[in-house]
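Shown next, in structure tokens, is the structure this report addresses.
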Amino acid sequence: MRRVVGVVGLGMLTWVLVAPGAMTVADATAAGDLVRQARTCYDRWSGPFDFDGYEASLRSAIALWEQALPLLPEAAIQSRSETLNSLSRAYFELAEGYLADPCEREAAYEAGKDAALASLRLDPVVVETEAREGFRASLRATSDVAAVFWYGNNIGQWLNYHLEIALSGGVSDVAASFERSVELDERYSGGGPQRALGLLLARAYFVVGRQHEDAVLHFERAIELDPTYLETRVSYAEHYARPTRDRELYDRLLDGVLADALDPEIMAAHPFYNHRAMNRAGTLAAYEW
């Protein structure tokens, strides 16, 4: 019998068949080299950050992680999980930062959610819980904050292209992902779980049975956890302050972001996201009420 090894590709999950025993020490060594190269390409903290130029590096990192994945031994669970989680995050960032075509964005979010889901399912407890109690219960069984957080981010965006799935339970899956992320590590990715939950409630509180005002608690907590993550305040302004017509809050949030964007140390804390936040804040500040 042959083993089936998953390879994540843009917009789809493809498969290659590998004979038993085909994985070798050379394969594992090659995989390690590819992963190290991918990390180098992905790195945006070791020197000056060029947002436009970073797209090529991000694409290279994705390609290298994809090449490494089928070479990793099945028993190397941690390495496989880290590689899948890295792919999930990188696909999300590629779509958010650089893809304009709707079909390409949808494909990237789909690849990102599939990678995170594959990572979650490396844990037999997660698989057993899902089979017995359903998908949302399986999220409560995971301890991998990266997998569950990036799954929530990717499927949350992917659902914008699949509204029927969103309204029939998909948004609740997103909420469950972010709630579990908060439980596991609310500080992850600059307060990401709290920020993501705030954004979800600001936009779809009625779908998950919460109050619109609950978004404030999560945005404020994310800011408290990491005030250098500027996108938290931009999303707070755009998706909560503007819809509620709270001009004082809106201006305060955006003015603070534009002031902090002048600080090189703050910008260097989260180069990719803070660059996006600076640009978004400039655009939103010109909004006419």
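Chain labels follow the order of the structure tokens: the first chain is A, the next B, and so on; residue numbering restarts at 1 in every chain, and ligands are counted from 1 in their shown order.
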Surrounding residues of range 33-43 of chain A excluding itself and chain neighbours under 2 positions, 8 Å, only C-alpha atoms, as JSON, numbers by chain: {"A": [29, 30, 31, 45, 46, 57, 58, 60, 61, 62, 64, 65, 67, 68, 83]}
Could you pull the residues within 12 Å of His275 in chain A, counting only C-alpha atoms, minus those fewer than 2 positions along the same chain, as number ranges by chain? A: 44, 49-52, 54, 97, 228-231, 234, 257-258, 260-264, 266-273, 277-282
Using only C-alpha atoms, what table do you get, as CSV, when you list each residue of range 13-104 of chain A with an atom no more than 12 Å from range 160-165 of chain A, its nearest pair of atoms, and their distance in Å rounded to one decimal, rows by chain then rising number?
residue,atom,partner,partner_atom,distance
A:Pro102,CA,A:Tyr161,CA,8.7
A:Cys103,CA,A:Tyr161,CA,9.1
A:Glu104,CA,A:Tyr161,CA,11.5
Could you tell me which of A:Asp123, A:Arg187, A:Gly256, A:Leu94 comes closest to Glu55 in chain A if we count only C-alpha atoms? A:Leu94
Which of A:Tyr250, A:Leu184, A:Ala111, A:Ser177 sits closest to Ser143 in chain A [using only C-alpha atoms]: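 Among the listed residues, A:Leu184 lies closest to Ser143 in chain A.
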Taking only C-alpha atoms into account, name the residue in A:Thr232, A:Glu106, A:Glu186, A:Ser172 that is nearest to Phe206 in chain A.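 Under the stated criterion, the closest residue is A:Ser172.
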Work out how far apart CA of Ala176 in chain A and CA of Val127 in chain A are and give it in Å to one decimal.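 Spanning CA of Ala176 in chain A to CA of Val127 in chain A is a straight-line distance of 16.6 Å.
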d(CA of Gln157 in chain A, CA of Arg80 in chain A) in Å: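 These atoms are spaced 24.2 Å apart.
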Which of these, A:Leu284, A:Ala222, A:Val126, A:Leu120, has the shortest distance to Val145 in chain A once you count only C-alpha atoms?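 Looking only at the distances to Val145 in chain A, the closest residue turns out to be A:Leu120.
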